[in-house]
Amino acid sequence: MNWNTKVTQLLNITYPIVQGGLAYLAYAELAAAVSNAGGLGQITAMSLASPEQLRQEIKEVRRKTEKPFGVNFAIGQSRRPYQDMVEVAIEENVPVISITGGNPTPIFEQLQGVNIKKLVLVAAKRQAEKAEELGADAVMVVGQEGGGHLGKSDTGTMVLVPQVVDAVSIPVIASGGIGDGRGLMAALALGAEGIEMGTRFIATQECIHAHDLYKQDILKATETDTIVIKRALGAPARALRNEWTDKILEAENQEGTYEAIKDFISGEANKRYIYEGKENKGFGWAGQIVGRIHDVPKVEDLIKRMIQDAETIRNRWSK
C-alpha cells in the first residue's frame with residue numbers, strides 16, 4: 001500500500017514513523033535501524049559529552065545507513081550550551097534536526113540559510129502555532145500519555161492532536177500512547193501525518209544501551225505503572241513508578257524546590273537505572289503505552305508488524 005503522507009514527503013522516508021530522541025539511549029545503532037526499516041531514526045545530541053562525540057555518532061549512523069536520520073536537541077532539560085553541537089550538525093549536513101523542551105528560536109537562527117528540516121516537539125496548541133510562526137517544518141504533538149517530558153495541561157493525545165491539526169498548516173506528528181499499527185491509524189484518523197514513538201523503541205533489540213532490566217520492567221508494566229514527576233518544577237514528566245520515583249514525589253511534596261530534588265532527578269540517577277539496572281537507585285522514562293508492549297523485537301520486525309496491522313485496518317475500512 002502507498003504510505004505517502006506529508007511527513008514521508010518532508011522527511012524522505014517510507015513510513016510516517018519517527019523515533020523519539022530518548023535521552024542517553026538514542027544512538028547510532030537504534031537510529032540506523034529505524035531509518036533502515038523505513039522510518040526516521042534519531043540520535044540524541046545533548047546526551048553526548050562533546051561536539052566531537054556528536055560528530056562521531058553522526059558518522060557512525062552514516063556508516064550503518066544511507067537513509068535520512070535526525071539529530072534531537074533536548075534543550076529544555078540541558079543546562080549546557082548547545083550552539084557548538086548545532087554547528088556540528090550543520091557542518092555534517094544532517095537531514096533533520098528536532099528540538100524538544102525549550103524555545104527553538106536560537107537554533108532556528110543558527111539554521112538560517114541551511115537546508116535542514118526542523119521538527120519541534122510541542123504539548124499545546126499555542127506552542128504549535130508559535131513553532132509554525134518561527135519556521136518549523138512540522139510539529140510533533142505529545143499528549144499526556146507519553147513518556148518523558150510532557151505538557152502542563154494533562155491533555156490527552158486524542159484531544160490534543162486534532163486541536164493542533166486544526167490550528168496549523170504544517171504537518172503534525174502525533175506522539176504519546178502510540179506503539180502499534182492501531183495507534184498509527186488512529187493518529188492518521190485524527191488528522192496527523194505521522195507518529196513519533198519513544199517508549200516502544202526502547203523495548204527493541206537495537207536499543208543496546210538500555211539495560212535488560214529496564215526493558216523487562218517495561219514489558220511487565222501496565223498502563224497504571226507509570227507516574228508523573230517534576231510537577232513541582234513546572235516540568236511534568238512520565239516515568240516508570242518505583243521506589244526512586246516515590247522518593248522524588250515525597251521530596252516534591254515536602255519542599256518542591258529544584259535544590260531539594262535535583263539529585264533525585266539528575267541524569268546520573270536516570271543512567272543508574274537505564275544503564276546499570278539499579279531500579280531502586282534511579283528512574284527510567286516511560287509512557288502509558290507500556291501496557292501494550294509485550295516483546296522486544298528487532299526494529300525491522302516491529303515496523304513491519306505495525307505496517308501490516310495498519311494495512312489490515314485500511315483494508316477493513318475500505319470495505
# chains A, B, ... in the order shown; residues from 1 in each chain; ligands from 1
call {"tool": "select_by_dssp", "arguments": {"residues": "stretch 12-216 of chain A", "states": "alpha helix (DSSP H)", "output": "PyMOL selection string"}}
result
chain A and resi 28-36+51-64+83-91+105-110+125-134+157-167+181-189+199-202+212-216
call {"tool": "residues_around", "arguments": {"residues": "stretch 31-39 of chain A", "least_positions_apart": "4", "cutoff": "9 Å", "atoms": "only C-alpha atoms", "output": "PyMOL selection string"}}
result
chain A and resi 8+13-19+26-27+43+60-70+201+206-207+298-301+303-304
call {"tool": "closest_residue", "arguments": {"among": "A:Ile195, A:Val172, A:Ala189, A:Leu150", "to": "A:Leu40", "atoms": "only C-alpha atoms"}}
result
A:Ile195
call {"tool": "closest_residue", "arguments": {"among": "A:Ala131, A:Leu11, A:Ala45, A:Ile307", "to": "A:Ala89", "atoms": "only C-alpha atoms"}}
result
A:Ala45
call {"tool": "residues_around", "arguments": {"residues": "A:Gln110", "least_positions_apart": "3", "cutoff": "12 Å", "atoms": "only C-alpha atoms", "output": "list in words"}}
result
Tyr82, Gln83, Asp84, Met85, Val86, Glu87, Val88, Ala89, Ile90, Glu91, Ile97, Pro104, Thr105, Pro106, Ile107, Gly113, Val114, Asn115, Ile116 and Lys118 of chain A
call {"tool": "closest_residue", "arguments": {"among": "A:Gly176, A:Gly191, A:Gly102, A:Gly147", "to": "A:Gly284", "atoms": "only C-alpha atoms"}}
result
A:Gly147
call {"tool": "residues_around", "arguments": {"residues": "A:Glu268", "least_positions_apart": "5", "cutoff": "10 Å", "atoms": "only C-alpha atoms", "output": "number ranges by chain"}}
result
A: 263, 273-275, 281-283
call {"tool": "atom_distance", "arguments": {"atom1": "atom CA of A:Met158", "atom2": "atom CA of A:Gly179"}}
result
14.4 Å
call {"tool": "residues_around", "arguments": {"residues": "A:Ala286", "least_positions_apart": "3", "cutoff": "8 Å", "atoms": "only C-alpha atoms", "output": "ChimeraX atom specification"}}
result
/A:146-148,199,218,226,238-240,289-290
call {"tool": "atom_distance", "arguments": {"atom1": "atom CA of A:Lys130", "atom2": "atom CA of A:Glu109"}}
result
14.8 Å
call {"tool": "closest_residue", "arguments": {"among": "A:Ala49, A:Ile261, A:Val7, A:Ile75", "to": "A:Leu233", "atoms": "only C-alpha atoms"}}
result
A:Ile261
call {"tool": "atom_distance", "arguments": {"atom1": "atom CA of A:Lys220", "atom2": "atom CA of A:Lys152"}}
result
27.7 Å
call {"tool": "closest_residue", "arguments": {"among": "A:Ile99, A:Ala260, A:Leu190, A:Ile265", "to": "A:Ala237", "atoms": "only C-alpha atoms"}}
result
A:Ile265
call {"tool": "residues_around", "arguments": {"residues": "A:Ala138", "least_positions_apart": "6", "cutoff": "9 Å", "atoms": "only C-alpha atoms", "output": "list in words"}}
result
Val7, Leu10, Lys117, Lys118, Leu119, Val120, Leu121, Ala128, Ala131, Glu132, Ile170, Pro171, Val172 and Ile173 of chain A
call {"tool": "decode", "arguments": {"residues": "stretch 26-59 of chain A", "atoms": "N, CA and C atoms", "output": "PDB file, in the first residue's frame"}}
result
ATOM      1  N   ALA A  26      19.303   7.054  22.512  1.00  0.00           N
ATOM      2  CA  ALA A  26      19.150   7.170  21.065  1.00  0.00           C
ATOM      3  C   ALA A  26      20.500   7.436  20.408  1.00  0.00           C
ATOM      4  N   TYR A  27      21.151   6.339  20.034  1.00  0.00           N
ATOM      5  CA  TYR A  27      22.450   6.453  19.383  1.00  0.00           C
ATOM      6  C   TYR A  27      22.439   5.730  18.042  1.00  0.00           C
ATOM      7  N   ALA A  28      23.597   5.557  17.452  1.00  0.00           N
ATOM      8  CA  ALA A  28      23.701   5.137  16.057  1.00  0.00           C
ATOM      9  C   ALA A  28      22.991   3.814  15.768  1.00  0.00           C
ATOM     10  N   GLU A  29      23.131   2.841  16.665  1.00  0.00           N
ATOM     11  CA  GLU A  29      22.556   1.518  16.386  1.00  0.00           C
ATOM     12  C   GLU A  29      21.038   1.599  16.222  1.00  0.00           C
ATOM     13  N   LEU A  30      20.387   2.286  17.150  1.00  0.00           N
ATOM     14  CA  LEU A  30      18.933   2.398  17.094  1.00  0.00           C
ATOM     15  C   LEU A  30      18.499   3.302  15.947  1.00  0.00           C
ATOM     16  N   ALA A  31      19.142   4.448  15.809  1.00  0.00           N
ATOM     17  CA  ALA A  31      18.756   5.387  14.768  1.00  0.00           C
ATOM     18  C   ALA A  31      18.864   4.758  13.380  1.00  0.00           C
ATOM     19  N   ALA A  32      19.978   4.076  13.129  1.00  0.00           N
ATOM     20  CA  ALA A  32      20.168   3.456  11.820  1.00  0.00           C
ATOM     21  C   ALA A  32      19.159   2.345  11.572  1.00  0.00           C
ATOM     22  N   ALA A  33      18.834   1.593  12.613  1.00  0.00           N
ATOM     23  CA  ALA A  33      17.866   0.506  12.462  1.00  0.00           C
ATOM     24  C   ALA A  33      16.494   1.048  12.089  1.00  0.00           C
ATOM     25  N   VAL A  34      16.079   2.138  12.736  1.00  0.00           N
ATOM     26  CA  VAL A  34      14.776   2.733  12.420  1.00  0.00           C
ATOM     27  C   VAL A  34      14.774   3.285  10.999  1.00  0.00           C
ATOM     28  N   SER A  35      15.832   3.984  10.630  1.00  0.00           N
ATOM     29  CA  SER A  35      15.906   4.539   9.280  1.00  0.00           C
ATOM     30  C   SER A  35      15.946   3.440   8.223  1.00  0.00           C
ATOM     31  N   ASN A  36      16.715   2.390   8.472  1.00  0.00           N
ATOM     32  CA  ASN A  36      16.788   1.288   7.512  1.00  0.00           C
ATOM     33  C   ASN A  36      15.454   0.574   7.356  1.00  0.00           C
ATOM     34  N   ALA A  37      14.633   0.617   8.405  1.00  0.00           N
ATOM     35  CA  ALA A  37      13.319  -0.035   8.354  1.00  0.00           C
ATOM     36  C   ALA A  37      12.249   0.853   7.729  1.00  0.00           C
ATOM     37  N   GLY A  38      12.627   2.063   7.329  1.00  0.00           N
ATOM     38  CA  GLY A  38      11.688   2.917   6.619  1.00  0.00           C
ATOM     39  C   GLY A  38      11.182   4.109   7.395  1.00  0.00           C
ATOM     40  N   GLY A  39      11.539   4.219   8.685  1.00  0.00           N
ATOM     41  CA  GLY A  39      11.142   5.367   9.479  1.00  0.00           C
ATOM     42  C   GLY A  39      12.248   6.408   9.537  1.00  0.00           C
ATOM     43  N   LEU A  40      12.134   7.325  10.490  1.00  0.00           N
ATOM     44  CA  LEU A  40      13.197   8.301  10.725  1.00  0.00           C
ATOM     45  C   LEU A  40      13.815   8.026  12.085  1.00  0.00           C
ATOM     46  N   GLY A  41      15.044   7.504  12.092  1.00  0.00           N
ATOM     47  CA  GLY A  41      15.769   7.325  13.337  1.00  0.00           C
ATOM     48  C   GLY A  41      16.405   8.632  13.769  1.00  0.00           C
ATOM     49  N   GLN A  42      16.687   8.740  15.070  1.00  0.00           N
ATOM     50  CA  GLN A  42      17.319   9.946  15.587  1.00  0.00           C
ATOM     51  C   GLN A  42      18.399   9.587  16.608  1.00  0.00           C
ATOM     52  N   ILE A  43      19.416  10.455  16.690  1.00  0.00           N
ATOM     53  CA  ILE A  43      20.384  10.361  17.774  1.00  0.00           C
ATOM     54  C   ILE A  43      20.184  11.561  18.688  1.00  0.00           C
ATOM     55  N   THR A  44      20.543  11.390  19.946  1.00  0.00           N
ATOM     56  CA  THR A  44      20.317  12.418  20.956  1.00  0.00           C
ATOM     57  C   THR A  44      21.602  13.200  21.190  1.00  0.00           C
ATOM     58  N   ALA A  45      21.593  14.477  20.857  1.00  0.00           N
ATOM     59  CA  ALA A  45      22.826  15.269  20.898  1.00  0.00           C
ATOM     60  C   ALA A  45      23.268  15.592  22.318  1.00  0.00           C
ATOM     61  N   MET A  46      22.333  16.055  23.148  1.00  0.00           N
ATOM     62  CA  MET A  46      22.718  16.603  24.440  1.00  0.00           C
ATOM     63  C   MET A  46      23.048  15.525  25.476  1.00  0.00           C
ATOM     64  N   SER A  47      22.917  14.261  25.113  1.00  0.00           N
ATOM     65  CA  SER A  47      23.378  13.181  25.987  1.00  0.00           C
ATOM     66  C   SER A  47      24.842  12.850  25.724  1.00  0.00           C
ATOM     67  N   LEU A  48      25.404  13.441  24.689  1.00  0.00           N
ATOM     68  CA  LEU A  48      26.805  13.216  24.358  1.00  0.00           C
ATOM     69  C   LEU A  48      27.676  14.260  25.049  1.00  0.00           C
ATOM     70  N   ALA A  49      28.927  13.894  25.286  1.00  0.00           N
ATOM     71  CA  ALA A  49      29.793  14.724  26.131  1.00  0.00           C
ATOM     72  C   ALA A  49      30.374  15.939  25.418  1.00  0.00           C
ATOM     73  N   SER A  50      30.459  15.890  24.086  1.00  0.00           N
ATOM     74  CA  SER A  50      31.141  16.968  23.383  1.00  0.00           C
ATOM     75  C   SER A  50      30.669  17.038  21.942  1.00  0.00           C
ATOM     76  N   PRO A  51      30.908  18.172  21.278  1.00  0.00           N
ATOM     77  CA  PRO A  51      30.588  18.267  19.852  1.00  0.00           C
ATOM     78  C   PRO A  51      31.298  17.199  19.021  1.00  0.00           C
ATOM     79  N   GLU A  52      32.522  16.871  19.395  1.00  0.00           N
ATOM     80  CA  GLU A  52      33.253  15.868  18.618  1.00  0.00           C
ATOM     81  C   GLU A  52      32.613  14.485  18.747  1.00  0.00           C
ATOM     82  N   GLN A  53      32.084  14.179  19.937  1.00  0.00           N
ATOM     83  CA  GLN A  53      31.372  12.913  20.083  1.00  0.00           C
ATOM     84  C   GLN A  53      30.127  12.885  19.205  1.00  0.00           C
ATOM     85  N   LEU A  54      29.437  14.021  19.118  1.00  0.00           N
ATOM     86  CA  LEU A  54      28.281  14.082  18.235  1.00  0.00           C
ATOM     87  C   LEU A  54      28.704  13.856  16.784  1.00  0.00           C
ATOM     88  N   ARG A  55      29.798  14.454  16.392  1.00  0.00           N
ATOM     89  CA  ARG A  55      30.280  14.267  15.020  1.00  0.00           C
ATOM     90  C   ARG A  55      30.548  12.786  14.733  1.00  0.00           C
ATOM     91  N   GLN A  56      31.195  12.127  15.685  1.00  0.00           N
ATOM     92  CA  GLN A  56      31.489  10.702  15.505  1.00  0.00           C
ATOM     93  C   GLN A  56      30.217   9.859  15.454  1.00  0.00           C
ATOM     94  N   GLU A  57      29.222  10.227  16.258  1.00  0.00           N
ATOM     95  CA  GLU A  57      27.960   9.484  16.253  1.00  0.00           C
ATOM     96  C   GLU A  57      27.230   9.665  14.923  1.00  0.00           C
ATOM     97  N   ILE A  58      27.264  10.877  14.379  1.00  0.00           N
ATOM     98  CA  ILE A  58      26.659  11.125  13.071  1.00  0.00           C
ATOM     99  C   ILE A  58      27.356  10.291  11.999  1.00  0.00           C
ATOM    100  N   LYS A  59      28.680  10.253  12.034  1.00  0.00           N
ATOM    101  CA  LYS A  59      29.424   9.454  11.063  1.00  0.00           C
ATOM    102  C   LYS A  59      29.098   7.970  11.215  1.00  0.00           C
TER     103      LYS A  59
END
